[in-house]
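Q: Got start-v6.cif for you, mmCIF, C-alpha atoms:
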```cif
data_entry
#
loop_
_atom_site.label_atom_id
_atom_site.label_comp_id
_atom_site.auth_asym_id
_atom_site.auth_seq_id
_atom_site.Cartn_x
_atom_site.Cartn_y
_atom_site.Cartn_z
CA MET A 29 -8.25 -4.79 4.13
CA THR A 30 -10.67 -7.27 2.64
CA ALA A 31 -9.66 -10.88 2.08
CA SER A 32 -9.58 -11.74 -1.59
CA ALA A 33 -8.41 -14.43 -3.97
CA HIS A 34 -5.06 -12.61 -4.09
CA PRO A 35 -4.11 -11.54 -0.57
CA ALA A 36 -1.42 -8.95 -0.02
CA ARG A 37 2.12 -10.26 0.05
CA HIS A 38 3.18 -8.11 2.99
CA HIS A 39 1.35 -7.15 6.17
CA THR A 40 2.34 -4.38 8.56
CA ASP A 41 0.95 -5.20 12.00
CA PHE A 42 -2.33 -6.74 10.93
CA LEU A 43 -3.45 -7.06 14.54
CA LYS A 44 -3.09 -3.31 15.16
CA LYS A 45 -5.19 -2.54 12.09
CA VAL A 46 -7.97 -4.97 12.90
CA MET A 47 -8.18 -3.89 16.54
CA ALA A 48 -8.61 -0.28 15.43
CA GLN A 49 -11.50 -1.44 13.28
CA LYS A 50 -13.03 -3.37 16.19
CA ALA A 51 -12.77 -0.32 18.44
CA THR A 52 -14.86 1.57 15.91
CA GLU A 53 -17.43 -1.25 15.82
CA VAL A 54 -17.62 -1.27 19.61
CA GLU A 55 -18.15 2.50 19.71
CA GLN A 56 -21.10 2.08 17.37
CA LEU A 57 -22.59 -0.71 19.53
CA CYS A 58 -22.32 1.51 22.59
CA ARG A 59 -23.87 4.50 20.82
CA ASP A 60 -26.76 2.29 19.73
CA ASN A 61 -27.30 1.03 23.30
CA ALA A 62 -26.93 -2.46 21.88
CA ASP A 63 -26.46 -3.93 25.35
CA LYS A 64 -30.20 -3.59 25.96
CA ARG A 65 -31.01 -5.46 22.75
CA PHE A 66 -28.45 -8.13 23.60
CA ALA A 67 -29.91 -8.53 27.11
CA ALA A 68 -33.32 -9.28 25.63
CA LEU A 69 -31.86 -11.79 23.18
CA MET A 70 -29.82 -13.51 25.91
CA GLU A 71 -32.95 -14.16 27.93
CA ARG A 72 -34.24 -16.31 25.08
CA GLN A 73 -31.02 -18.32 24.73
CA PRO A 74 -30.61 -21.78 26.29
CA PRO A 75 -27.71 -22.15 28.77
CA PRO A 76 -24.21 -22.20 27.25
CA ARG A 77 -22.87 -25.57 26.20
CA PRO A 78 -19.66 -26.52 28.09
CA PHE A 79 -16.80 -25.82 25.67
CA HIS A 80 -14.09 -26.52 28.25
CA ASP A 81 -15.58 -29.80 29.45
CA ALA A 82 -16.01 -31.10 25.90
CA LEU A 83 -12.21 -31.09 25.62
CA LEU A 84 -11.48 -32.86 28.92
CA PRO A 85 -11.29 -36.55 27.89
CA SER A 86 -7.70 -37.69 27.38
CA ARG A 87 -7.63 -38.25 23.63
CA ARG A 88 -7.18 -36.23 20.45
CA HIS A 89 -9.71 -33.43 20.09
CA ILE A 90 -10.43 -31.24 17.08
CA VAL A 91 -12.10 -27.86 17.32
CA ALA A 92 -13.38 -27.67 13.73
CA GLU A 93 -13.60 -24.19 12.28
CA ILE A 94 -15.88 -22.48 9.78
CA LYS A 95 -13.73 -19.85 8.05
CA PRO A 96 -14.67 -18.72 4.52
CA ALA A 97 -11.57 -16.53 4.06
CA SER A 98 -8.55 -15.10 5.83
CA PRO A 99 -6.05 -12.25 5.33
CA SER A 100 -3.18 -14.72 4.86
CA ALA A 101 -4.91 -17.18 2.50
CA GLY A 102 -7.57 -15.08 0.76
CA ILE A 103 -10.79 -16.81 -0.23
CA ILE A 104 -10.83 -20.34 1.21
CA ASN A 105 -14.39 -21.51 0.61
CA SER A 106 -16.82 -18.87 -0.64
CA THR A 107 -19.76 -21.28 -1.02
CA VAL A 108 -19.69 -22.93 2.40
CA ALA A 109 -23.07 -23.45 4.07
CA PRO A 110 -22.34 -23.02 7.81
CA ALA A 111 -25.21 -25.24 8.97
CA ALA A 112 -24.25 -28.10 6.66
CA GLN A 113 -20.55 -27.76 7.51
CA ALA A 114 -21.31 -27.80 11.23
CA ALA A 115 -23.44 -30.92 10.88
CA ILE A 116 -20.63 -32.62 8.95
CA TYR A 117 -18.08 -31.70 11.61
CA ALA A 118 -20.32 -32.98 14.41
CA GLU A 119 -21.03 -36.28 12.66
CA ALA A 120 -17.33 -36.82 11.91
CA GLY A 121 -16.30 -36.46 15.55
CA ALA A 122 -15.36 -32.82 16.22
CA SER A 123 -15.43 -31.94 19.93
CA CYS A 124 -16.32 -28.26 19.43
CA LEU A 125 -16.90 -25.70 16.69
CA SER A 126 -15.17 -22.40 16.01
CA VAL A 127 -16.99 -19.86 13.84
CA LEU A 128 -15.38 -16.71 12.46
CA THR A 129 -17.73 -13.76 12.82
CA ASP A 130 -15.50 -10.99 11.43
CA ALA A 131 -16.88 -9.89 8.05
CA THR A 132 -14.11 -7.64 6.74
CA HIS A 133 -11.13 -9.96 6.94
CA PHE A 134 -12.65 -13.46 7.23
CA HIS A 135 -16.02 -13.14 5.43
CA GLY A 136 -17.73 -14.45 8.56
CA SER A 137 -20.85 -13.30 10.38
CA LEU A 138 -22.95 -13.82 13.48
CA ASP A 139 -25.54 -15.41 11.20
CA HIS A 140 -22.97 -18.12 10.46
CA LEU A 141 -22.65 -18.72 14.20
CA VAL A 142 -26.41 -19.01 14.66
CA ALA A 143 -26.73 -21.41 11.72
CA ALA A 144 -23.84 -23.60 12.88
CA ARG A 145 -25.02 -23.85 16.47
CA THR A 146 -28.58 -24.64 15.44
CA ALA A 147 -27.39 -27.46 13.18
CA CYS A 148 -25.63 -29.51 15.88
CA ALA A 149 -25.22 -30.06 19.62
CA LEU A 150 -21.55 -29.05 19.83
CA PRO A 151 -20.30 -26.09 21.91
CA VAL A 152 -19.50 -23.14 19.64
CA LEU A 153 -16.70 -20.58 19.95
CA ARG A 154 -17.21 -17.10 18.60
CA LYS A 155 -13.83 -16.42 17.01
CA ASP A 156 -13.36 -12.71 16.60
CA PHE A 157 -11.22 -9.88 17.91
CA ILE A 158 -12.74 -9.11 21.30
CA CYS A 159 -11.80 -5.77 22.88
CA HIS A 160 -14.83 -4.91 25.03
CA PRO A 161 -17.32 -6.76 27.28
CA ILE A 162 -20.22 -5.69 25.04
CA GLN A 163 -18.86 -8.08 22.38
CA VAL A 164 -19.19 -10.91 24.90
CA ASP A 165 -22.84 -9.95 25.39
CA GLU A 166 -23.25 -9.91 21.63
CA ALA A 167 -21.72 -13.37 21.33
CA ARG A 168 -24.03 -14.84 23.99
CA ALA A 169 -27.05 -13.07 22.46
CA PHE A 170 -26.39 -14.93 19.19
CA GLY A 171 -25.82 -18.26 20.93
CA ALA A 172 -22.05 -18.52 21.37
CA ASP A 173 -20.88 -20.75 24.20
CA ALA A 174 -17.33 -19.41 24.32
CA VAL A 175 -15.34 -16.43 23.08
CA LEU A 176 -11.73 -15.88 22.07
CA LEU A 177 -9.47 -13.42 23.90
CA ILE A 178 -6.15 -12.56 22.22
CA VAL A 179 -3.95 -11.40 25.09
CA LYS A 180 -1.62 -9.22 23.01
CA ALA A 181 -4.58 -7.45 21.42
CA VAL A 182 -5.87 -5.68 24.54
CA PRO A 183 -4.52 -4.11 27.75
CA GLU A 184 -4.69 -6.31 30.85
CA PRO A 185 -7.56 -4.36 32.47
CA VAL A 186 -9.66 -4.95 29.34
CA ALA A 187 -8.71 -8.62 29.34
CA HIS A 188 -9.84 -8.92 32.97
CA ALA A 189 -13.13 -7.16 32.16
CA VAL A 190 -13.80 -9.46 29.20
CA MET A 191 -13.04 -12.58 31.24
CA THR A 192 -15.20 -11.37 34.11
CA ARG A 193 -18.15 -10.74 31.81
CA ALA A 194 -17.78 -14.15 30.17
CA GLY A 195 -17.80 -15.77 33.60
CA GLU A 196 -20.93 -13.87 34.61
CA LEU A 197 -22.69 -15.23 31.53
CA GLY A 198 -21.53 -18.80 32.14
CA MET A 199 -19.37 -18.79 29.01
CA ASP A 200 -15.93 -20.31 28.55
CA ILE A 201 -13.12 -18.12 27.31
CA LEU A 202 -10.29 -19.32 25.11
CA VAL A 203 -7.14 -17.26 25.71
CA GLU A 204 -4.82 -16.99 22.71
CA VAL A 205 -1.02 -16.71 23.03
CA ASN A 206 1.86 -16.59 20.57
CA THR A 207 4.89 -15.65 22.67
CA ALA A 208 6.35 -16.36 26.11
CA ALA A 209 5.25 -12.87 27.17
CA ASP A 210 1.69 -13.76 26.17
CA VAL A 211 1.93 -16.91 28.29
CA THR A 212 2.88 -14.86 31.34
CA ILE A 213 -0.21 -12.68 30.88
CA ALA A 214 -2.46 -15.70 30.30
CA LYS A 215 -1.28 -17.19 33.59
CA GLN A 216 -1.88 -13.93 35.40
CA LEU A 217 -5.42 -13.91 34.00
CA GLY A 218 -5.99 -17.40 35.38
CA ALA A 219 -6.81 -18.83 31.96
CA ARG A 220 -8.01 -22.44 31.93
CA LEU A 221 -8.37 -22.77 28.15
CA ILE A 222 -5.29 -21.84 26.12
CA LEU A 223 -4.92 -21.50 22.35
CA ILE A 224 -1.32 -21.41 21.15
CA ASN A 225 -1.47 -19.79 17.73
CA ASN A 226 1.50 -20.68 15.54
CA ARG A 227 0.64 -17.62 13.46
CA ASN A 228 1.95 -14.24 14.57
CA LEU A 229 -1.07 -11.96 14.13
CA GLU A 230 1.14 -8.91 13.71
CA THR A 231 3.03 -10.26 10.67
CA LEU A 232 0.70 -13.18 9.76
CA GLU A 233 3.76 -15.45 9.45
CA VAL A 234 3.62 -19.00 10.82
CA ASP A 235 6.21 -20.66 13.06
CA SER A 236 5.20 -24.32 13.22
CA GLN A 237 7.35 -24.73 16.35
CA ALA A 238 5.62 -22.01 18.39
CA SER A 239 3.23 -24.47 20.05
CA VAL A 240 6.09 -26.87 20.78
CA LYS A 241 8.18 -24.09 22.35
CA LEU A 242 5.37 -22.63 24.48
CA ALA A 243 3.58 -25.80 25.63
CA PRO A 244 6.09 -26.58 28.44
CA LEU A 245 5.35 -23.15 29.97
CA PHE A 246 1.86 -24.37 30.89
CA ASP A 247 2.60 -26.68 33.80
CA ASP A 248 -0.83 -26.65 35.44
CA PRO A 249 -2.54 -30.00 34.70
CA ASP A 250 -5.93 -28.29 34.87
CA GLN A 251 -5.11 -26.07 31.89
CA ILE A 252 -6.25 -27.30 28.50
CA VAL A 253 -3.88 -26.32 25.68
CA ILE A 254 -4.93 -26.22 22.02
CA ALA A 255 -2.60 -25.62 19.04
CA ALA A 256 -3.63 -23.86 15.85
CA SER A 257 -2.38 -22.58 12.47
CA GLY A 258 -0.05 -24.01 9.85
CA TYR A 259 -1.39 -27.57 9.87
CA VAL A 260 -1.94 -29.00 6.39
CA ASP A 261 -2.16 -32.73 7.16
CA ARG A 262 -2.14 -35.30 9.97
CA ASP A 263 1.64 -35.49 10.01
CA GLY A 264 1.83 -31.95 11.37
CA LEU A 265 -0.56 -32.75 14.21
CA ASP A 266 1.27 -35.96 15.06
CA ALA A 267 4.61 -34.15 15.11
CA THR A 268 3.29 -31.50 17.50
CA THR A 269 1.83 -34.18 19.77
CA ALA A 270 5.08 -36.13 19.78
CA GLN A 271 7.20 -33.06 20.57
CA SER A 272 4.95 -31.24 23.04
CA GLY A 273 2.21 -33.56 24.26
CA ILE A 274 -0.49 -31.28 22.82
CA ASN A 275 -3.32 -33.41 21.48
CA ARG A 276 -6.00 -30.79 20.96
CA PHE A 277 -6.05 -28.74 17.77
CA LEU A 278 -8.13 -26.01 16.16
CA ILE A 279 -8.30 -26.79 12.45
CA GLY A 280 -9.92 -24.52 9.90
CA GLU A 281 -8.36 -24.02 6.49
CA MET A 282 -7.49 -27.68 5.95
CA LEU A 283 -11.09 -28.73 6.54
CA MET A 284 -12.58 -25.80 4.64
CA ARG A 285 -10.58 -26.40 1.48
CA THR A 286 -11.21 -30.11 1.08
CA THR A 287 -14.26 -31.44 -0.76
CA THR A 288 -14.47 -34.29 1.76
CA PRO A 289 -14.33 -32.61 5.21
CA ALA A 290 -15.88 -35.56 7.05
CA GLU A 291 -13.26 -37.97 5.71
CA ALA A 292 -10.47 -35.50 6.43
CA LEU A 293 -11.65 -34.92 10.00
CA ARG A 294 -12.01 -38.63 10.71
CA HIS A 295 -8.47 -39.16 9.46
CA LEU A 296 -7.15 -36.50 11.85
CA LEU A 297 -8.95 -38.19 14.76
CA ASP A 298 -8.23 -41.82 13.87
CA GLU A 299 -6.24 -43.42 16.69
CA ASN A 300 -4.95 -46.12 14.36
CA PRO A 301 -4.37 -44.48 10.97
CA ALA A 302 -3.24 -46.60 8.09
CA VAL A 303 0.52 -47.07 8.01
CA PRO A 304 1.85 -44.87 5.23
CA ALA A 305 3.63 -46.48 2.34
CA LYS A 306 7.39 -46.48 2.30
CA PRO A 307 8.61 -43.00 1.31
CA THR A 308 9.38 -42.61 -2.36
CA MET A 309 10.86 -39.93 -4.54
CA THR A 310 8.02 -37.45 -5.00
CA HIS A 311 9.07 -36.63 -8.56
CA LEU A 312 8.46 -40.23 -9.60
CA ASN A 313 5.02 -41.73 -10.13
CA PRO A 314 4.18 -45.32 -9.06
CA ALA A 315 5.56 -46.58 -12.37
CA GLY A 316 8.90 -44.91 -11.68
CA GLU A 317 8.35 -42.26 -14.36
CA ALA A 318 9.25 -38.63 -13.83
CA HIS A 319 6.30 -36.33 -13.18
CA MET A 320 5.59 -32.94 -11.64
CA VAL A 321 4.32 -33.12 -8.05
CA ASP A 322 0.70 -32.02 -7.64
CA VAL A 323 0.61 -29.13 -5.15
CA GLY A 324 -3.03 -28.25 -5.77
CA HIS A 325 -4.09 -29.50 -2.32
CA LYS A 326 -1.47 -27.50 -0.44
CA VAL A 327 -2.39 -24.38 1.50
CA ALA A 328 -1.13 -21.18 -0.12
CA GLY A 329 0.94 -19.01 2.17
CA HIS A 330 3.92 -16.71 2.46
CA ARG A 331 7.19 -18.52 1.83
CA ARG A 332 10.73 -17.18 2.07
CA ALA A 333 14.20 -18.54 1.35
CA ILE A 334 17.72 -17.20 1.78
CA ALA A 335 20.66 -18.75 -0.09
CA ALA A 336 24.35 -17.89 -0.38
CA ALA A 337 27.49 -18.57 -2.36
CA LYS A 338 31.14 -17.54 -2.13
CA VAL A 339 33.63 -16.48 -4.80
CA THR A 340 37.34 -16.70 -3.90
CA MET A 341 39.77 -14.87 -6.20
CA SER A 342 43.17 -13.21 -6.29
CA ALA A 343 43.71 -10.01 -4.34
CA GLU A 344 44.21 -8.17 -7.64
CA ALA A 345 40.85 -9.34 -8.99
CA LEU A 346 39.03 -8.46 -5.79
CA THR A 347 40.58 -4.99 -5.71
CA LEU A 348 39.44 -4.33 -9.28
CA LEU A 349 35.99 -5.68 -8.40
CA ARG A 350 35.72 -3.53 -5.30
CA GLU A 351 36.90 -0.39 -7.13
CA ASN A 352 34.76 -1.07 -10.22
CA GLY A 353 37.91 -1.19 -12.32
CA LEU A 354 37.18 -4.30 -14.40
CA LYS A 355 37.27 -3.89 -18.18
CA LYS A 356 33.80 -5.44 -18.56
CA GLY A 357 32.20 -2.83 -16.34
CA ASP A 358 30.23 -2.96 -13.09
CA ALA A 359 30.46 -6.63 -12.17
CA LEU A 360 28.26 -6.50 -9.11
CA ALA A 361 25.44 -4.70 -10.92
CA SER A 362 25.57 -7.30 -13.69
CA ALA A 363 25.66 -10.14 -11.16
CA ARG A 364 22.67 -8.72 -9.28
CA ILE A 365 20.62 -8.57 -12.50
CA ALA A 366 21.72 -12.11 -13.40
CA GLY A 367 20.59 -13.41 -10.01
CA ILE A 368 17.18 -11.79 -10.29
CA MET A 369 16.68 -13.06 -13.85
CA ALA A 370 17.76 -16.58 -12.86
CA ALA A 371 15.25 -16.78 -10.01
CA LYS A 372 12.46 -15.69 -12.35
CA LYS A 373 13.43 -18.39 -14.89
CA THR A 374 14.19 -21.27 -12.53
CA SER A 375 11.19 -23.37 -13.55
CA GLU A 376 12.37 -23.26 -17.18
CA ARG A 377 15.81 -24.61 -16.32
CA ILE A 378 15.33 -26.99 -13.38
CA PRO A 379 13.37 -30.13 -14.39
CA LEU A 380 9.89 -30.48 -12.81
CA CYS A 381 10.24 -27.25 -10.83
CA HIS A 382 6.94 -25.38 -10.49
CA PRO A 383 6.67 -21.86 -11.90
CA ILE A 384 5.79 -19.59 -9.00
CA PRO A 385 5.03 -15.87 -8.61
CA ILE A 386 7.98 -14.16 -6.94
CA SER A 387 7.03 -11.10 -4.91
CA LYS A 388 10.55 -10.09 -3.86
CA ILE A 389 14.16 -10.88 -4.80
CA SER A 390 17.20 -9.22 -3.25
CA VAL A 391 20.79 -9.99 -4.24
CA ASP A 392 23.47 -8.59 -1.94
CA PHE A 393 27.26 -8.79 -1.87
CA ALA A 394 29.85 -8.48 0.89
CA PHE A 395 33.64 -8.46 0.76
CA LEU A 396 34.69 -11.04 3.34
CA ASP A 397 38.46 -10.46 3.20
CA ALA A 398 41.16 -9.51 0.69
CA CYS A 399 40.35 -12.44 -1.59
CA SER A 400 36.68 -13.45 -1.20
CA LEU A 401 33.20 -12.17 -1.92
CA SER A 402 29.91 -13.47 -0.51
CA VAL A 403 26.67 -13.56 -2.44
CA LYS A 404 23.42 -13.56 -0.49
CA VAL A 405 19.96 -13.92 -2.06
CA GLU A 406 16.55 -13.59 -0.41
CA CYS A 407 13.37 -14.59 -2.27
CA HIS A 408 9.69 -14.32 -1.25
CA THR A 409 6.51 -15.75 -2.72
CA PHE A 410 2.88 -16.34 -1.75
CA GLY A 411 1.98 -19.75 -3.06
CA GLN A 412 1.64 -23.49 -2.58
CA THR A 413 5.28 -24.56 -2.90
CA GLY A 414 8.62 -23.38 -1.60
CA ILE A 415 11.06 -20.92 -3.13
CA GLU A 416 14.36 -22.48 -2.01
CA ILE A 417 15.46 -23.58 -5.50
CA GLU A 418 14.86 -20.09 -6.88
CA ALA A 419 17.06 -18.59 -4.17
CA LEU A 420 19.82 -21.14 -4.80
CA ASP A 421 19.56 -20.63 -8.55
CA ALA A 422 19.89 -16.88 -8.12
CA ALA A 423 22.93 -17.21 -5.85
CA SER A 424 24.58 -19.54 -8.36
CA ALA A 425 23.90 -17.27 -11.33
CA ALA A 426 25.16 -14.20 -9.49
CA ALA A 427 28.37 -15.99 -8.50
CA LEU A 428 28.90 -17.27 -12.06
CA THR A 429 28.44 -13.76 -13.41
CA VAL A 430 31.08 -12.44 -11.01
CA TYR A 431 33.43 -15.17 -12.26
CA ASP A 432 32.68 -14.24 -15.87
CA MET A 433 33.51 -10.61 -15.15
CA ILE A 434 36.83 -11.33 -13.40
CA LYS A 435 38.10 -14.34 -15.38
CA SER A 436 40.37 -12.24 -17.58
CA VAL A 437 42.23 -11.29 -14.37
CA ASP A 438 41.94 -14.60 -12.50
CA ARG A 439 40.76 -17.74 -14.29
CA GLY A 440 41.52 -19.72 -11.14
CA ALA A 441 38.80 -18.04 -9.12
CA VAL A 442 36.69 -20.56 -7.20
CA ILE A 443 32.94 -20.61 -6.64
CA SER A 444 32.05 -22.49 -3.44
CA ASP A 445 29.71 -22.81 -0.50
CA LEU A 446 26.48 -22.65 -2.50
CA ARG A 447 23.91 -23.43 0.19
CA LEU A 448 20.53 -22.69 1.69
CA LEU A 449 20.78 -20.51 4.80
CA GLU A 450 17.13 -20.27 5.84
CA LYS A 451 13.59 -21.04 4.73
CA ALA A 452 10.20 -20.20 6.18
CA GLY A 453 6.62 -21.20 5.40
CA GLY A 454 4.95 -24.35 4.19
CA LYS A 455 4.37 -27.65 5.96
CA SER A 456 7.89 -27.89 7.40
CA GLY A 457 7.74 -24.36 8.80
CA HIS A 458 10.92 -22.50 9.65
CA TRP A 459 14.40 -23.95 9.07
CA GLN A 460 17.76 -22.28 9.58
CA GLY A 461 21.15 -23.75 8.77
CA SER A 462 23.90 -23.84 11.33
#
```
For this file, write the structure as structure tokens.
A:
Amino acid sequence: MTASAHPARHHTDFLKKVMAQKATEVEQLCRDNADKRFAALMERQPPPRPFHDALLPSRRHIVAEIKPASPSAGIINSTVAPAAQAAIYAEAGASCLSVLTDATHFHGSLDHLVAARTACALPVLRKDFICHPIQVDEARAFGADAVLLIVKAVPEPVAHAVMTRAGELGMDILVEVNTAADVTIAKQLGARLILINNRNLETLEVDSQASVKLAPLFDDPDQIVIAASGYVDRDGLDATTAQSGINRFLIGEMLMRTTTPAEALRHLLDENPAVPAKPTMTHLNPAGEAHMVDVGHKVAGHRRAIAAAKVTMSAEALTLLRENGLKKGDALASARIAGIMAAKKTSERIPLCHPIPISKISVDFAFLDACSLSVKVECHTFGQTGIEIEALDAASAAALTVYDMIKSVDRGAVISDLRLLEKAGGKSGHWQGS
């Protein structure tokens, strides 16, 4: 799967797919006896720069990333010059660099790593999917100071072998976790550097609270914990710090998308940022006039919303509805179509609502008791703004259509409980109603 301007809407165990690809790459390296070539290159490399120690001072740290593309976001910055970007990051105060070297999914390369490390004095992480010690040799041969190990990507014996080889070469190793089970393995490995990835690499979905939930599990003061994924502005970093104490972050897409990465990075690091103006209605401009919110700067991603409504009617009406005995025909089929059509037309009916591409809409019904019907709608999109209004609009339209179909039997039927049940994606992450 190659990253593109229009990434796939659904991913089935991305991590499994990419690790199969990496296993093939490793087999080729071994067949080519690449370890001998890497040994010769390593002899010409200066000693590794201390990635771990660069993150020790008690303050906010940013590991700034060079990432041209990703499976979840598609093309991020196809024209980036790694050397220039690295120099900008270093000048703006980054503590370390992270460079994607996977070509297929992230449009990275080892040449990017070489260029970035040559352009500055910062320690550099090779960010890739490591599954064999020979990849550690390869990383050091091209100048990397640290490598990433994703604990759920490899068996524990392989993880031990990778960590041992990194230690032999004087490199730091950043151990990535996403679940409590991952944390247990990381502790067993004796990891000193931890990356909590808010993104699940199997589904590519982001839970902005993952780092907050997992941080308390690392109770060793000598462990350095870094959070990554899903951060689109300083507010997200500040919220994570306030809730978990984490004050070290790996930031890539936010810095790669902006045309002013130095300014953006300084803002993330500023210990005394400007006090934001008093919150205002986002659909009003400074003059108090209605306008559509600009979402052009937001990071595109998978977003999901589930909404519901309830229709209460007489027992006679519900029986006819259940048995498809209404004179107007199949009420639930009509209501399902109405809900889908409403979601697709929401931006034309709700003022200042953005038109968005909808990748999935499901409208389902359930008979709750002898007199009530529930309507449940789930909508998905890949974009820069949420899909909650579309889900609510669809639930409303479906419920209204049910009423229209049964009103000849019960004009006193009541539509109620229109509400959002759950949303996922975007800056605010996952939310679920009680």
Q: I'd like the contact shell of A:Arg439 - 12 Å cut-off, only C-alpha atoms, skipping same-chain residues fewer than 2 positions apart - returned as number ranges by chain.
A: A: 339-342, 345, 430-437, 441-443
Q: Return the single residue from A:Asp358, A:Glu416, A:Glu93, A:Asp130 that is closest to A:Ile116, with distances computed using only C-alpha atoms.
A: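 Under the stated criterion, the closest residue is A:Glu93.
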Q: What do you get, as number ranges by chain, if you spell out every residue that the PyMOL selection byres ((chain A and resi 269) around 12) selects here?
A: A: 87-89, 237, 239-240, 243, 253-255, 262-268, 270-277
Q: Just the residues within 8 Å of A:Ala370, please, counting only C-alpha atoms, with nothing from its chain fewer than 6 positions along; format it as a VMD selection string.
A: chain A and resid 418 421 to 422 425
Q: Go ahead and compute the interatomic distance for atom CA of A:Arg377 and atom CA of A:Gly411, in Å to one decimal.
A: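 We find that atom CA of A:Arg377 and atom CA of A:Gly411 lie 19.8 Å from each other.
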Q: Given the file shown, enumerate the residues that the PyMOL selection byres ((chain A and resi 294) around 10) captures and present them as a list in words.
A: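 For this structure, the PyMOL selection byres ((chain A and resi 294) around 10) resolves to Ile90, Tyr117, Glu119, Ala120, Gly121, Ala122, Pro289, Ala290, Glu291, Ala292, Leu293, His295, Leu296, Leu297, Asp298, Glu299 and Pro301 of chain A.
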Q: What separation in Å, quoted to one decimal, exists between atom CA of A:Ile389 and atom CA of A:Arg227?
A: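 Distance between the two atoms: 23.7 Å.
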Q: Since I can't run it myself right now, could you work out what the PyMOL selection byres ((chain A and resi 125) around 12) selects here and report it as a VMD selection string?
A: chain A and resid 77 to 80 82 to 83 89 to 95 110 to 111 113 to 118 121 to 124 126 to 128 140 to 155 172 to 175 277 to 280
Q: One decimal, in Å: what's the spacing between atom CA of A:Phe395 and atom CA of A:Arg447?
A: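 These atoms are spaced 17.9 Å apart.
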Q: Which residue is closest to A:Ile334? Choose from A:Gly195, A:Gly102, A:Gly353, A:Gly414 and count only C-alpha atoms.
A: A:Gly414
Q: Go through A:Ile415, A:Ile162, A:Val179, A:Ala131 one by one, measure the shortest atom-to-atom distance of each to A:Ala51 using only C-alpha atoms, and give the residue with the smallest value.
A: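 Nearest to A:Ala51: A:Ile162.
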Q: Select, from A:Thr192, A:Gln163, A:Thr129, A:Ser86, the residue with the minimum atom-to-atom distance to A:Phe66, counting only C-alpha atoms.
A: A:Gln163
Q: Can you tell me, as number ranges by chain, which residues sit within 7 Å of (-4.6, -8.4, 20.2) in the file's frame, using only C-alpha atoms?
A: A: 43, 47, 178-182
Q: What would the list of residues within 12 Å of (-14.1, -8.2, 12.6) (file frame) look like as a PyMOL selection string, if all atoms listed in the file are what count?
A: chain A and resi 29-31+42-43+45-54+98-99+128-138+154-159+163
Q: Would you mind telling me which residue in A:Ala169, A:Asp247, A:Leu177, A:Cys399 lies nearest to A:Ala189 when using only C-alpha atoms?
A: A:Leu177
Q: I'd like the neighbourhood of A:Arg220 as a list in words, where a residue qualifies if any of its atoms comes within 7 Å (using only C-alpha atoms), though same-chain residues fewer than 2 positions away should be ignored.
A: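 The residues satisfying every condition are Gly218, Ile222, Asp250, Gln251 and Ile252 of chain A.
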Q: Looking at A:Leu223, A:Glu351, A:Arg168, A:Val203, which one is nearest to A:Arg72, with distances taken over all atoms listed in the file?
A: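 Of A:Leu223, A:Glu351, A:Arg168, A:Val203, the one nearest A:Arg72, counting all atoms listed in the file, is A:Arg168.
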Q: Which polymer residues have any atom within 12 Å of an atom of A:Glu196, counting only C-alpha atoms, with same-chain residues fewer than 4 positions away left out, as an NGL selection string?
A: :A and (76 or 161 or 164-165 or 168 or 189-192 or 200-201)
Q: For stretch 333-341 of chain A, where the input has fewer atoms than it should, I would like N, CA and C atoms rebuilt and written as a PDB file, keeping the file's coordinate frame.
A:
```pdb
ATOM      1  N   ALA A 333      12.964 -17.758   1.335  1.00  0.00           N
ATOM      2  CA  ALA A 333      14.200 -18.540   1.350  1.00  0.00           C
ATOM      3  C   ALA A 333      15.394 -17.611   1.188  1.00  0.00           C
ATOM      4  N   ILE A 334      16.471 -17.947   1.893  1.00  0.00           N
ATOM      5  CA  ILE A 334      17.720 -17.200   1.780  1.00  0.00           C
ATOM      6  C   ILE A 334      18.823 -18.189   1.416  1.00  0.00           C
ATOM      7  N   ALA A 335      19.572 -17.883   0.358  1.00  0.00           N
ATOM      8  CA  ALA A 335      20.660 -18.750  -0.090  1.00  0.00           C
ATOM      9  C   ALA A 335      21.933 -17.919  -0.236  1.00  0.00           C
ATOM     10  N   ALA A 336      23.072 -18.602  -0.291  1.00  0.00           N
ATOM     11  CA  ALA A 336      24.350 -17.890  -0.380  1.00  0.00           C
ATOM     12  C   ALA A 336      25.344 -18.674  -1.211  1.00  0.00           C
ATOM     13  N   ALA A 337      26.356 -17.963  -1.661  1.00  0.00           N
ATOM     14  CA  ALA A 337      27.490 -18.570  -2.360  1.00  0.00           C
ATOM     15  C   ALA A 337      28.716 -17.716  -2.064  1.00  0.00           C
ATOM     16  N   LYS A 338      29.881 -18.242  -2.402  1.00  0.00           N
ATOM     17  CA  LYS A 338      31.140 -17.540  -2.130  1.00  0.00           C
ATOM     18  C   LYS A 338      32.030 -17.613  -3.372  1.00  0.00           C
ATOM     19  N   VAL A 339      32.669 -16.506  -3.694  1.00  0.00           N
ATOM     20  CA  VAL A 339      33.630 -16.480  -4.800  1.00  0.00           C
ATOM     21  C   VAL A 339      34.986 -16.088  -4.219  1.00  0.00           C
ATOM     22  N   THR A 340      35.980 -16.967  -4.371  1.00  0.00           N
ATOM     23  CA  THR A 340      37.340 -16.700  -3.900  1.00  0.00           C
ATOM     24  C   THR A 340      38.219 -16.408  -5.105  1.00  0.00           C
ATOM     25  N   MET A 341      38.981 -15.329  -5.033  1.00  0.00           N
ATOM     26  CA  MET A 341      39.770 -14.870  -6.200  1.00  0.00           C
ATOM     27  C   MET A 341      41.083 -14.269  -5.713  1.00  0.00           C
TER      28      MET A 341
END
```
